[in-house]
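Student: Got a structure for you, query.csv, holding CSV, N, CA and C atoms.
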```csv
chain,number,residue,atom,x,y,z
A,250,MET,N,47.5,-54.7,-16.0
A,250,MET,CA,48.5,-53.6,-16.1
A,250,MET,C,47.9,-52.4,-16.8
A,251,THR,N,48.4,-51.3,-16.3
A,251,THR,CA,47.9,-50.0,-17.0
A,251,THR,C,48.7,-49.8,-18.3
A,252,ILE,N,48.2,-48.9,-19.1
A,252,ILE,CA,48.9,-48.6,-20.4
A,252,ILE,C,50.3,-48.2,-20.1
A,253,GLU,N,50.5,-47.3,-19.1
A,253,GLU,CA,51.8,-46.7,-18.8
A,253,GLU,C,52.7,-47.8,-18.3
A,254,GLU,N,52.2,-48.8,-17.5
A,254,GLU,CA,53.1,-49.9,-17.0
A,254,GLU,C,53.5,-50.8,-18.2
A,255,ILE,N,52.6,-51.0,-19.2
A,255,ILE,CA,53.0,-51.8,-20.3
A,255,ILE,C,54.0,-51.0,-21.2
A,256,GLN,N,53.8,-49.7,-21.3
A,256,GLN,CA,54.7,-48.9,-22.1
A,256,GLN,C,56.1,-48.9,-21.5
A,257,ASN,N,56.2,-48.8,-20.1
A,257,ASN,CA,57.5,-48.9,-19.4
A,257,ASN,C,58.1,-50.2,-19.6
A,258,GLU,N,57.4,-51.3,-19.6
A,258,GLU,CA,57.9,-52.6,-19.9
A,258,GLU,C,58.5,-52.7,-21.3
A,259,ILE,N,57.8,-52.1,-22.3
A,259,ILE,CA,58.3,-52.1,-23.7
A,259,ILE,C,59.6,-51.3,-23.7
A,260,ILE,N,59.7,-50.1,-23.0
A,260,ILE,CA,60.9,-49.3,-23.0
A,260,ILE,C,62.1,-50.1,-22.4
A,261,ASP,N,61.8,-50.8,-21.3
A,261,ASP,CA,62.8,-51.7,-20.7
A,261,ASP,C,63.3,-52.8,-21.6
A,262,GLU,N,62.4,-53.4,-22.3
A,262,GLU,CA,62.8,-54.5,-23.3
A,262,GLU,C,63.7,-53.9,-24.4
A,263,PHE,N,63.3,-52.8,-24.9
A,263,PHE,CA,64.1,-52.2,-26.0
A,263,PHE,C,65.4,-51.7,-25.5
A,264,SER,N,65.5,-51.3,-24.3
A,264,SER,CA,66.8,-50.8,-23.8
A,264,SER,C,67.8,-52.0,-23.6
A,265,MET,N,67.4,-53.2,-23.6
A,265,MET,CA,68.3,-54.3,-23.5
A,265,MET,C,69.1,-54.5,-24.8
A,266,PHE,N,68.7,-54.0,-25.9
A,266,PHE,CA,69.4,-54.2,-27.1
A,266,PHE,C,70.4,-53.1,-27.4
A,267,ASP,N,71.6,-53.4,-27.9
A,267,ASP,CA,72.7,-52.5,-28.1
A,267,ASP,C,72.5,-51.7,-29.4
A,268,ASP,N,71.9,-52.3,-30.5
A,268,ASP,CA,71.8,-51.6,-31.7
A,268,ASP,C,70.5,-51.8,-32.4
A,269,TRP,N,70.2,-51.0,-33.4
A,269,TRP,CA,68.9,-51.0,-34.0
A,269,TRP,C,68.7,-52.3,-34.9
A,270,GLU,N,69.7,-53.0,-35.3
A,270,GLU,CA,69.5,-54.2,-36.0
A,270,GLU,C,68.8,-55.2,-35.0
A,271,GLU,N,69.3,-55.3,-33.8
A,271,GLU,CA,68.7,-56.2,-32.8
A,271,GLU,C,67.3,-55.7,-32.5
A,272,ARG,N,67.0,-54.4,-32.4
A,272,ARG,CA,65.7,-53.9,-32.1
A,272,ARG,C,64.7,-54.3,-33.2
A,273,TYR,N,65.2,-54.1,-34.5
A,273,TYR,CA,64.3,-54.5,-35.6
A,273,TYR,C,64.0,-56.0,-35.5
A,274,GLN,N,65.0,-56.8,-35.2
A,274,GLN,CA,64.7,-58.2,-35.1
A,274,GLN,C,63.7,-58.5,-34.0
A,275,TYR,N,63.8,-57.8,-32.9
A,275,TYR,CA,62.8,-57.9,-31.8
A,275,TYR,C,61.4,-57.5,-32.2
A,276,MET,N,61.4,-56.4,-33.0
A,276,MET,CA,60.0,-56.0,-33.5
A,276,MET,C,59.5,-57.0,-34.4
A,277,ILE,N,60.3,-57.7,-35.3
A,277,ILE,CA,59.8,-58.7,-36.2
A,277,ILE,C,59.3,-59.9,-35.3
A,278,ASP,N,60.0,-60.2,-34.3
A,278,ASP,CA,59.6,-61.3,-33.4
A,278,ASP,C,58.2,-61.0,-32.7
A,279,LEU,N,58.1,-59.7,-32.3
A,279,LEU,CA,56.8,-59.2,-31.7
A,279,LEU,C,55.7,-59.4,-32.7
A,280,GLY,N,56.0,-59.0,-33.9
A,280,GLY,CA,55.0,-59.2,-35.0
A,280,GLY,C,54.4,-60.6,-35.1
A,281,LYS,N,55.3,-61.5,-34.8
A,281,LYS,CA,54.9,-63.0,-34.9
A,281,LYS,C,54.0,-63.4,-33.8
A,282,THR,N,53.9,-62.6,-32.7
A,282,THR,CA,53.1,-62.9,-31.6
A,282,THR,C,51.8,-62.0,-31.6
A,283,LEU,N,51.6,-61.3,-32.6
A,283,LEU,CA,50.4,-60.4,-32.8
A,283,LEU,C,49.1,-61.2,-32.8
A,284,PRO,N,48.1,-60.7,-32.0
A,284,PRO,CA,46.8,-61.4,-32.1
A,284,PRO,C,46.2,-61.1,-33.5
A,285,LEU,N,46.2,-62.1,-34.3
A,285,LEU,CA,45.9,-61.9,-35.7
A,285,LEU,C,44.4,-61.6,-36.0
A,286,ILE,N,44.2,-60.7,-36.9
A,286,ILE,CA,42.8,-60.4,-37.3
A,286,ILE,C,42.2,-61.5,-38.0
A,287,ASP,N,41.0,-61.8,-37.8
A,287,ASP,CA,40.2,-62.8,-38.6
A,287,ASP,C,40.2,-62.4,-40.0
A,288,ASP,N,40.4,-63.3,-40.9
A,288,ASP,CA,40.3,-63.0,-42.4
A,288,ASP,C,39.1,-62.3,-42.8
A,289,ALA,N,38.0,-62.5,-42.1
A,289,ALA,CA,36.7,-61.8,-42.4
A,289,ALA,C,36.8,-60.3,-42.2
A,290,HIS,N,37.8,-59.9,-41.3
A,290,HIS,CA,37.9,-58.5,-41.0
A,290,HIS,C,39.0,-57.8,-41.9
A,291,LYS,N,39.6,-58.6,-42.7
A,291,LYS,CA,40.7,-58.0,-43.6
A,291,LYS,C,40.0,-57.4,-44.8
A,292,THR,N,39.3,-56.3,-44.5
A,292,THR,CA,38.5,-55.6,-45.5
A,292,THR,C,39.1,-54.2,-45.7
A,293,ASP,N,38.7,-53.5,-46.7
A,293,ASP,CA,39.1,-52.1,-47.0
A,293,ASP,C,38.7,-51.2,-45.8
A,294,ASP,N,37.6,-51.5,-45.2
A,294,ASP,CA,37.2,-50.6,-44.1
A,294,ASP,C,38.1,-50.7,-42.9
A,295,ASN,N,38.9,-51.8,-42.8
A,295,ASN,CA,39.8,-52.0,-41.6
A,295,ASN,C,41.2,-51.7,-42.0
A,296,ILE,N,41.5,-51.2,-43.2
A,296,ILE,CA,42.9,-50.8,-43.5
A,296,ILE,C,43.1,-49.4,-43.0
A,297,ILE,N,44.3,-49.3,-42.4
A,297,ILE,CA,44.7,-48.0,-41.9
A,297,ILE,C,45.2,-47.1,-43.0
A,298,LYS,N,44.6,-46.0,-43.2
A,298,LYS,CA,44.9,-45.1,-44.3
A,298,LYS,C,46.2,-44.4,-43.8
A,299,GLY,N,47.1,-44.1,-44.8
A,299,GLY,CA,48.3,-43.4,-44.5
A,299,GLY,C,49.5,-44.3,-44.2
A,300,CYS,N,49.3,-45.6,-44.4
A,300,CYS,CA,50.4,-46.5,-44.2
A,300,CYS,C,50.9,-47.0,-45.6
A,301,GLN,N,52.2,-47.1,-45.7
A,301,GLN,CA,52.9,-47.5,-46.9
A,301,GLN,C,52.5,-49.0,-47.2
A,302,SER,N,52.5,-49.8,-46.1
A,302,SER,CA,52.1,-51.2,-46.2
A,302,SER,C,50.6,-51.3,-45.9
A,303,LYS,N,50.1,-52.5,-46.1
A,303,LYS,CA,48.7,-52.7,-45.7
A,303,LYS,C,48.7,-53.2,-44.3
A,304,VAL,N,47.9,-52.5,-43.5
A,304,VAL,CA,47.7,-52.8,-42.1
A,304,VAL,C,46.2,-52.8,-41.8
A,305,TRP,N,45.8,-53.9,-41.3
A,305,TRP,CA,44.3,-54.1,-41.0
A,305,TRP,C,44.2,-54.1,-39.5
A,306,VAL,N,43.3,-53.4,-38.9
A,306,VAL,CA,43.0,-53.4,-37.5
A,306,VAL,C,41.5,-53.6,-37.3
A,307,HIS,N,41.2,-54.4,-36.3
A,307,HIS,CA,39.8,-54.6,-35.9
A,307,HIS,C,39.8,-54.5,-34.4
A,308,ALA,N,38.7,-53.9,-34.0
A,308,ALA,CA,38.5,-53.7,-32.5
A,308,ALA,C,37.1,-54.2,-32.1
A,309,ASN,N,37.0,-54.7,-30.9
A,309,ASN,CA,35.7,-55.0,-30.3
A,309,ASN,C,35.8,-54.8,-28.9
A,310,MET,N,34.6,-54.6,-28.3
A,310,MET,CA,34.5,-54.3,-26.8
A,310,MET,C,34.2,-55.6,-26.0
A,311,ASN,N,35.0,-55.8,-25.0
A,311,ASN,CA,34.7,-56.9,-24.1
A,311,ASN,C,34.8,-56.4,-22.7
A,312,ASP,N,33.7,-56.4,-22.0
A,312,ASP,CA,33.6,-56.0,-20.6
A,312,ASP,C,34.2,-54.5,-20.4
A,313,ASP,N,33.7,-53.6,-21.2
A,313,ASP,CA,34.1,-52.2,-21.1
A,313,ASP,C,35.6,-52.0,-21.5
A,314,LYS,N,36.2,-53.0,-22.2
A,314,LYS,CA,37.6,-52.8,-22.6
A,314,LYS,C,37.7,-53.1,-24.1
A,315,VAL,N,38.6,-52.4,-24.8
A,315,VAL,CA,38.7,-52.5,-26.2
A,315,VAL,C,39.8,-53.6,-26.5
A,316,ALA,N,39.5,-54.5,-27.3
A,316,ALA,CA,40.4,-55.6,-27.7
A,316,ALA,C,40.7,-55.4,-29.2
A,317,PHE,N,42.0,-55.3,-29.5
A,317,PHE,CA,42.4,-55.1,-30.9
A,317,PHE,C,43.0,-56.4,-31.5
A,318,THR,N,42.8,-56.6,-32.8
A,318,THR,CA,43.5,-57.6,-33.5
A,318,THR,C,44.0,-56.9,-34.8
A,319,ALA,N,45.1,-57.4,-35.4
A,319,ALA,CA,45.6,-56.7,-36.5
A,319,ALA,C,46.5,-57.7,-37.4
A,320,ASP,N,46.9,-57.2,-38.5
A,320,ASP,CA,47.8,-57.9,-39.4
A,320,ASP,C,48.4,-56.9,-40.4
A,321,SER,N,49.5,-57.2,-40.9
A,321,SER,CA,50.1,-56.4,-42.0
A,321,SER,C,50.8,-57.3,-43.0
A,322,ASP,N,51.0,-56.8,-44.2
A,322,ASP,CA,51.7,-57.5,-45.2
A,322,ASP,C,53.2,-57.3,-45.2
A,323,ALA,N,53.7,-56.5,-44.2
A,323,ALA,CA,55.2,-56.2,-44.1
A,323,ALA,C,55.6,-56.5,-42.6
A,324,ILE,N,56.8,-57.2,-42.5
A,324,ILE,CA,57.2,-57.7,-41.2
A,324,ILE,C,57.5,-56.6,-40.2
A,325,ILE,N,58.2,-55.5,-40.6
A,325,ILE,CA,58.5,-54.4,-39.7
A,325,ILE,C,57.2,-53.7,-39.2
A,326,THR,N,56.3,-53.5,-40.2
A,326,THR,CA,55.0,-52.8,-39.9
A,326,THR,C,54.2,-53.7,-38.9
A,327,LYS,N,54.3,-55.0,-39.1
A,327,LYS,CA,53.6,-55.9,-38.3
A,327,LYS,C,54.1,-55.8,-36.8
A,328,GLY,N,55.4,-55.6,-36.7
A,328,GLY,CA,56.0,-55.5,-35.4
A,328,GLY,C,55.6,-54.2,-34.7
A,329,ILE,N,55.5,-53.1,-35.6
A,329,ILE,CA,55.1,-51.8,-35.0
A,329,ILE,C,53.6,-51.9,-34.5
A,330,ILE,N,52.7,-52.4,-35.3
A,330,ILE,CA,51.3,-52.5,-34.8
A,330,ILE,C,51.2,-53.5,-33.6
A,331,ALA,N,52.1,-54.5,-33.5
A,331,ALA,CA,52.1,-55.4,-32.4
A,331,ALA,C,52.5,-54.7,-31.1
A,332,ILE,N,53.4,-53.7,-31.2
A,332,ILE,CA,53.8,-52.9,-30.0
A,332,ILE,C,52.6,-52.1,-29.6
A,333,LEU,N,52.0,-51.4,-30.5
A,333,LEU,CA,50.8,-50.6,-30.2
A,333,LEU,C,49.7,-51.3,-29.6
A,334,ILE,N,49.4,-52.5,-30.2
A,334,ILE,CA,48.3,-53.3,-29.7
A,334,ILE,C,48.6,-53.8,-28.3
A,335,ARG,N,49.9,-54.2,-28.1
A,335,ARG,CA,50.3,-54.6,-26.7
A,335,ARG,C,50.0,-53.5,-25.7
A,336,ALA,N,50.3,-52.3,-26.1
A,336,ALA,CA,50.1,-51.2,-25.1
A,336,ALA,C,48.7,-50.8,-24.9
A,337,PHE,N,47.8,-50.9,-26.0
A,337,PHE,CA,46.5,-50.4,-25.9
A,337,PHE,C,45.4,-51.4,-25.8
A,338,SER,N,45.6,-52.7,-26.1
A,338,SER,CA,44.5,-53.7,-26.1
A,338,SER,C,44.1,-54.0,-24.7
A,339,ASN,N,42.9,-54.4,-24.6
A,339,ASN,CA,42.3,-54.8,-23.3
A,339,ASN,C,42.4,-53.7,-22.2
A,340,GLN,N,42.2,-52.4,-22.7
A,340,GLN,CA,42.2,-51.3,-21.8
A,340,GLN,C,40.8,-50.6,-22.0
A,341,HIS,N,40.4,-49.8,-21.0
A,341,HIS,CA,39.2,-49.0,-21.1
A,341,HIS,C,39.4,-47.9,-22.2
A,342,PRO,N,38.3,-47.6,-22.9
A,342,PRO,CA,38.4,-46.6,-24.0
A,342,PRO,C,39.0,-45.3,-23.5
A,343,THR,N,38.6,-44.8,-22.3
A,343,THR,CA,39.1,-43.6,-21.8
A,343,THR,C,40.6,-43.6,-21.6
A,344,ALA,N,41.1,-44.8,-21.1
A,344,ALA,CA,42.6,-44.9,-20.9
A,344,ALA,C,43.3,-44.8,-22.2
A,345,ILE,N,42.7,-45.4,-23.3
A,345,ILE,CA,43.4,-45.4,-24.6
A,345,ILE,C,43.4,-44.0,-25.1
A,346,ILE,N,42.2,-43.3,-25.0
A,346,ILE,CA,42.1,-41.9,-25.5
A,346,ILE,C,43.1,-41.0,-24.8
A,347,GLU,N,43.2,-41.1,-23.5
A,347,GLU,CA,44.1,-40.2,-22.8
A,347,GLU,C,45.6,-40.7,-22.7
A,348,ALA,N,45.9,-41.8,-23.3
A,348,ALA,CA,47.2,-42.4,-23.2
A,348,ALA,C,48.2,-41.5,-23.9
A,349,ASN,N,49.4,-41.4,-23.3
A,349,ASN,CA,50.5,-40.7,-23.8
A,349,ASN,C,51.3,-41.7,-24.7
A,350,THR,N,51.8,-41.2,-25.8
A,350,THR,CA,52.6,-42.1,-26.7
A,350,THR,C,54.1,-41.8,-26.7
A,351,ASP,N,54.6,-41.1,-25.6
A,351,ASP,CA,56.0,-40.8,-25.6
A,351,ASP,C,56.9,-42.0,-25.6
A,352,PHE,N,56.3,-43.2,-25.2
A,352,PHE,CA,57.2,-44.4,-25.2
A,352,PHE,C,57.8,-44.7,-26.6
A,353,ILE,N,57.1,-44.3,-27.6
A,353,ILE,CA,57.5,-44.5,-29.0
A,353,ILE,C,58.9,-43.7,-29.2
A,354,ASP,N,58.9,-42.5,-28.7
A,354,ASP,CA,60.2,-41.7,-28.7
A,354,ASP,C,61.2,-42.3,-27.8
A,355,LYS,N,60.8,-42.8,-26.6
A,355,LYS,CA,61.8,-43.3,-25.7
A,355,LYS,C,62.5,-44.5,-26.2
A,356,ILE,N,61.8,-45.3,-27.0
A,356,ILE,CA,62.5,-46.5,-27.5
A,356,ILE,C,63.2,-46.2,-28.8
A,357,GLY,N,63.1,-44.9,-29.3
A,357,GLY,CA,63.8,-44.4,-30.5
A,357,GLY,C,63.2,-44.9,-31.8
A,358,LEU,N,61.9,-45.4,-31.7
A,358,LEU,CA,61.3,-46.0,-32.9
A,358,LEU,C,61.2,-45.0,-34.1
A,359,LYS,N,60.6,-43.8,-33.8
A,359,LYS,CA,60.3,-42.9,-34.8
A,359,LYS,C,61.5,-42.4,-35.6
A,360,GLU,N,62.6,-42.2,-34.9
A,360,GLU,CA,63.8,-41.7,-35.6
A,360,GLU,C,64.5,-42.8,-36.4
A,361,HIS,N,64.1,-44.0,-36.2
A,361,HIS,CA,64.7,-45.1,-37.0
A,361,HIS,C,63.7,-45.7,-38.1
A,362,LEU,N,62.7,-44.9,-38.4
A,362,LEU,CA,61.8,-45.3,-39.4
A,362,LEU,C,61.9,-44.4,-40.6
A,363,SER,N,61.6,-44.9,-41.8
A,363,SER,CA,61.5,-44.0,-42.9
A,363,SER,C,60.4,-43.0,-42.7
A,364,PRO,N,60.4,-41.8,-43.4
A,364,PRO,CA,59.3,-40.9,-43.2
A,364,PRO,C,57.9,-41.5,-43.5
A,365,THR,N,57.8,-42.4,-44.5
A,365,THR,CA,56.5,-43.0,-44.8
A,365,THR,C,56.1,-43.9,-43.7
A,366,ARG,N,57.0,-44.7,-43.1
A,366,ARG,CA,56.7,-45.6,-42.0
A,366,ARG,C,56.4,-44.8,-40.8
A,367,ALA,N,57.1,-43.7,-40.5
A,367,ALA,CA,56.8,-42.8,-39.4
A,367,ALA,C,55.4,-42.2,-39.5
A,368,ASN,N,55.0,-41.8,-40.7
A,368,ASN,CA,53.6,-41.3,-40.9
A,368,ASN,C,52.6,-42.5,-40.7
A,369,GLY,N,52.9,-43.7,-41.1
A,369,GLY,CA,52.1,-44.8,-40.9
A,369,GLY,C,51.9,-45.1,-39.4
A,370,LEU,N,53.0,-44.9,-38.6
A,370,LEU,CA,52.9,-45.1,-37.2
A,370,LEU,C,51.9,-44.1,-36.6
A,371,VAL,N,52.0,-42.9,-37.0
A,371,VAL,CA,51.0,-41.9,-36.5
A,371,VAL,C,49.6,-42.3,-36.9
A,372,SER,N,49.4,-42.7,-38.1
A,372,SER,CA,48.1,-43.2,-38.5
A,372,SER,C,47.6,-44.3,-37.7
A,373,MET,N,48.5,-45.3,-37.4
A,373,MET,CA,48.1,-46.4,-36.6
A,373,MET,C,47.6,-45.9,-35.2
A,374,ILE,N,48.3,-45.1,-34.6
A,374,ILE,CA,47.9,-44.5,-33.2
A,374,ILE,C,46.6,-43.8,-33.3
A,375,LYS,N,46.4,-43.0,-34.4
A,375,LYS,CA,45.2,-42.3,-34.5
A,375,LYS,C,44.0,-43.2,-34.7
A,376,GLN,N,44.2,-44.3,-35.5
A,376,GLN,CA,43.1,-45.3,-35.7
A,376,GLN,C,42.7,-46.0,-34.4
A,377,LEU,N,43.7,-46.4,-33.6
A,377,LEU,CA,43.4,-47.1,-32.4
A,377,LEU,C,42.7,-46.2,-31.4
A,378,LYS,N,43.1,-44.9,-31.4
A,378,LYS,CA,42.4,-43.9,-30.6
A,378,LYS,C,40.9,-43.6,-31.1
A,379,MET,N,40.8,-43.6,-32.4
A,379,MET,CA,39.4,-43.4,-33.0
A,379,MET,C,38.5,-44.6,-32.6
A,380,TYR,N,39.0,-45.8,-32.6
A,380,TYR,CA,38.2,-46.9,-32.2
A,380,TYR,C,37.8,-46.7,-30.7
A,381,ALA,N,38.7,-46.3,-29.9
A,381,ALA,CA,38.4,-46.0,-28.5
A,381,ALA,C,37.4,-44.9,-28.3
A,382,ILE,N,37.5,-43.9,-29.1
A,382,ILE,CA,36.5,-42.8,-29.0
A,382,ILE,C,35.1,-43.3,-29.4
A,383,ALA,N,35.0,-44.2,-30.4
A,383,ALA,CA,33.8,-44.7,-30.8
A,383,ALA,C,33.2,-45.6,-29.7
A,384,TYR,N,34.0,-46.4,-29.1
A,384,TYR,CA,33.5,-47.3,-28.0
A,384,TYR,C,33.1,-46.5,-26.8
A,385,GLN,N,33.9,-45.4,-26.5
A,385,GLN,CA,33.6,-44.5,-25.3
A,385,GLN,C,32.2,-43.9,-25.5
A,386,THR,N,31.9,-43.5,-26.8
A,386,THR,CA,30.6,-42.9,-27.1
A,386,THR,C,29.5,-43.8,-26.8
A,387,GLN,N,29.7,-45.1,-27.1
A,387,GLN,CA,28.7,-46.1,-26.9
A,387,GLN,C,28.5,-46.3,-25.4
A,388,LEU,N,29.5,-46.1,-24.6
A,388,LEU,CA,29.4,-46.3,-23.1
A,388,LEU,C,28.7,-45.2,-22.5
A,389,ASN,N,28.8,-44.0,-23.0
A,389,ASN,CA,28.1,-42.8,-22.4
A,389,ASN,C,26.6,-42.8,-22.6
```
Now, as a test, write the supplied structure out as structure tokens.
Tutor:
Amino acid sequence: MTIEEIQNEIIDEFSMFDDWEERYQYMIDLGKTLPLIDDAHKTDDNIIKGCQSKVWVHANMNDDKVAFTADSDAIITKGIIAILIRAFSNQHPTAIIEANTDFIDKIGLKEHLSPTRANGLVSMIKQLKMYAIAYQTQLN
């Protein structure tokens, strides 16, 4: 699936819920399915700066595609990074770099986060794209 197809799938899933309490619960459930980062990668180098909670992200390249693993010490934040990893993991670096993130607005996520969590969300997206840029550079 392309990033856009995955994002549309996420939009469809979130549209099934009537209120934000149900959506938060869904995000928490998504966080439980997150491909967890190996404890060896839970280092300061892998912490996303700008997040209120601790969020660790690790990336590696498999067959010209970037695979992400992550973890967080907060359940909502874990759900947020799970959504992003689902959209961007196992994609070509160029696709990640060029990917639109409007789906975040379409599911209403940003408007339902505290300002510090919303800043953290932006930092998470930036970090995933920075990993993609680094891997794209290696491919060139």
Student: Could you work out how far atom N of Asn389 in chain A lies from atom N of Ala289 in chain A, giving the answer in Å with one decimal?
Tutor: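 Taking atom N of Ala289 in chain A as the start and atom N of Asn389 in chain A as the end point, the length is 28.1 Å.
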Student: Can you pull out the residues contacting range 355-365 of chain A? Cut-off 8 Å, using all atoms listed in the file, and skip same-chain residues under 6 positions away; I want them as a ChimeraX atom specification.
Tutor: /A:259-261,263-264,269,299-302,371
Student: Which is closest to Ile329 in chain A among A:Ile345, A:Leu388, A:Val304, A:Met265, if we use only C-alpha atoms?
Tutor: A:Val304
Student: Counting all atoms listed in the file, figure out which residue out of A:Ala348, A:Met310, A:Ala336, A:Ala331 gets nearest to Tyr384 in chain A.
Tutor: A:Met310
Student: Which of these, A:Thr343, A:Ile332, A:Pro284, A:Thr350, has the shortest distance to Glu262 in chain A once you count only C-alpha atoms?
Tutor: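 Of A:Thr343, A:Ile332, A:Pro284, A:Thr350, the one nearest Glu262 in chain A, counting only C-alpha atoms, is A:Ile332.
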Student: Can you tell me which residues surround Leu285 in chain A at a distance of at most 6 Å, considering all atoms listed in the file, apart from same-chain residues fewer than 4 positions away, and format the answer as a list in words?
Tutor: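 Once the nearby chain positions are removed, what remains is Thr318, Ala319 and Asp320 of chain A.
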Student: Atom C of Phe317 in chain A to atom N of Gln340 in chain A: how many Å, to one decimal?
Tutor: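 Interatomic distance here is 9.7 Å.
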Student: If you run DSSP on this backbone, which residues of chain A come out as strand (DSSP E), and could you give them as JSON, numbers by chain?
Tutor: {"A": [304, 305, 306, 307, 308, 309, 310, 311, 314, 315, 316, 317, 318, 319, 320, 321]}
Student: Box for range 333-350 of chain A: with edges along x, y and z, all listed atoms inside and 4 Å added on each side, what are the centre and edge lengths in Å to one decimal, as JSON?
Tutor:
```
{"center_x": 46.2, "center_y": -47.5, "center_z": -25.7, "size_x": 23.8, "size_y": 22.6, "size_z": 17.6}
```
Student: Can you work out the spacing between atom C of Gly280 in chain A and atom C of Gln385 in chain A in Å, to one decimal?
Tutor: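 Distance reported for this atom pair: 29.4 Å.
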Student: Return the single residue from A:His341, A:Lys327, A:Lys291, A:Lys314 that is closest to Gly369 in chain A, with distances computed using only C-alpha atoms.
Tutor: A:Lys327
Student: Give the answer as one residue: which of A:Ala316, A:Ile297, A:Ile325, A:Met250 has the shortest atom-to-atom distance to Ile277 in chain A, using all atoms listed in the file?
Tutor: A:Ile325
Student: Assign secondary structure with DSSP using the backbone only, and return the residues of chain A in helix (DSSP H, G or I) as a ChimeraX atom specification.
Tutor: /A:252-264,269-281,288-290,293-295,324-337,342-347,352-355,359-361,364-388
Student: Tell me which protein, DNA and RNA residues are within 6.5 Å of Gly328 in chain A, counting all atoms listed in the file, leaving out same-chain ones fewer than 5 positions away, and put them as a list in words.
Tutor: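 Listing them by chain and then by number gives Met276, Ile277, Asp278, Leu279, Gly280, Lys281, Ala323 and Leu333 of chain A.
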Student: Rank A:Asp287, A:Ala367, A:Ala308, A:Ile346 by their smallest atom-to-atom distance to Ile382 in chain A, using only N, CA and C atoms, and report the top residue only.
Tutor: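 Between A:Asp287, A:Ala367, A:Ala308, A:Ile346, the residue approaching Ile382 in chain A most closely is A:Ile346.
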Student: Which residues are close to Asn295 in chain A, i.e. within 6.5 Å by only N, CA and C atoms, leaving aside same-chain residues fewer than 5 positions away? Reply as a JSON list (two decimals) with N, CA and C atoms, in the frame of the given file.
Tutor:
```
[["chain", "number", "residue", "atom", "x", "y", "z"],
["A", 290, "HIS", "N", 37.80, -59.90, -41.30],
["A", 290, "HIS", "CA", 37.90, -58.50, -41.00],
["A", 290, "HIS", "C", 39.00, -57.80, -41.90],
["A", 304, "VAL", "N", 47.90, -52.50, -43.50],
["A", 304, "VAL", "CA", 47.70, -52.80, -42.10],
["A", 304, "VAL", "C", 46.20, -52.80, -41.80],
["A", 305, "TRP", "N", 45.80, -53.90, -41.30],
["A", 305, "TRP", "CA", 44.30, -54.10, -41.00],
["A", 305, "TRP", "C", 44.20, -54.10, -39.50],
["A", 306, "VAL", "N", 43.30, -53.40, -38.90],
["A", 306, "VAL", "CA", 43.00, -53.40, -37.50],
["A", 306, "VAL", "C", 41.50, -53.60, -37.30],
["A", 307, "HIS", "N", 41.20, -54.40, -36.30],
["A", 307, "HIS", "CA", 39.80, -54.60, -35.90],
["A", 307, "HIS", "C", 39.80, -54.50, -34.40]]
```
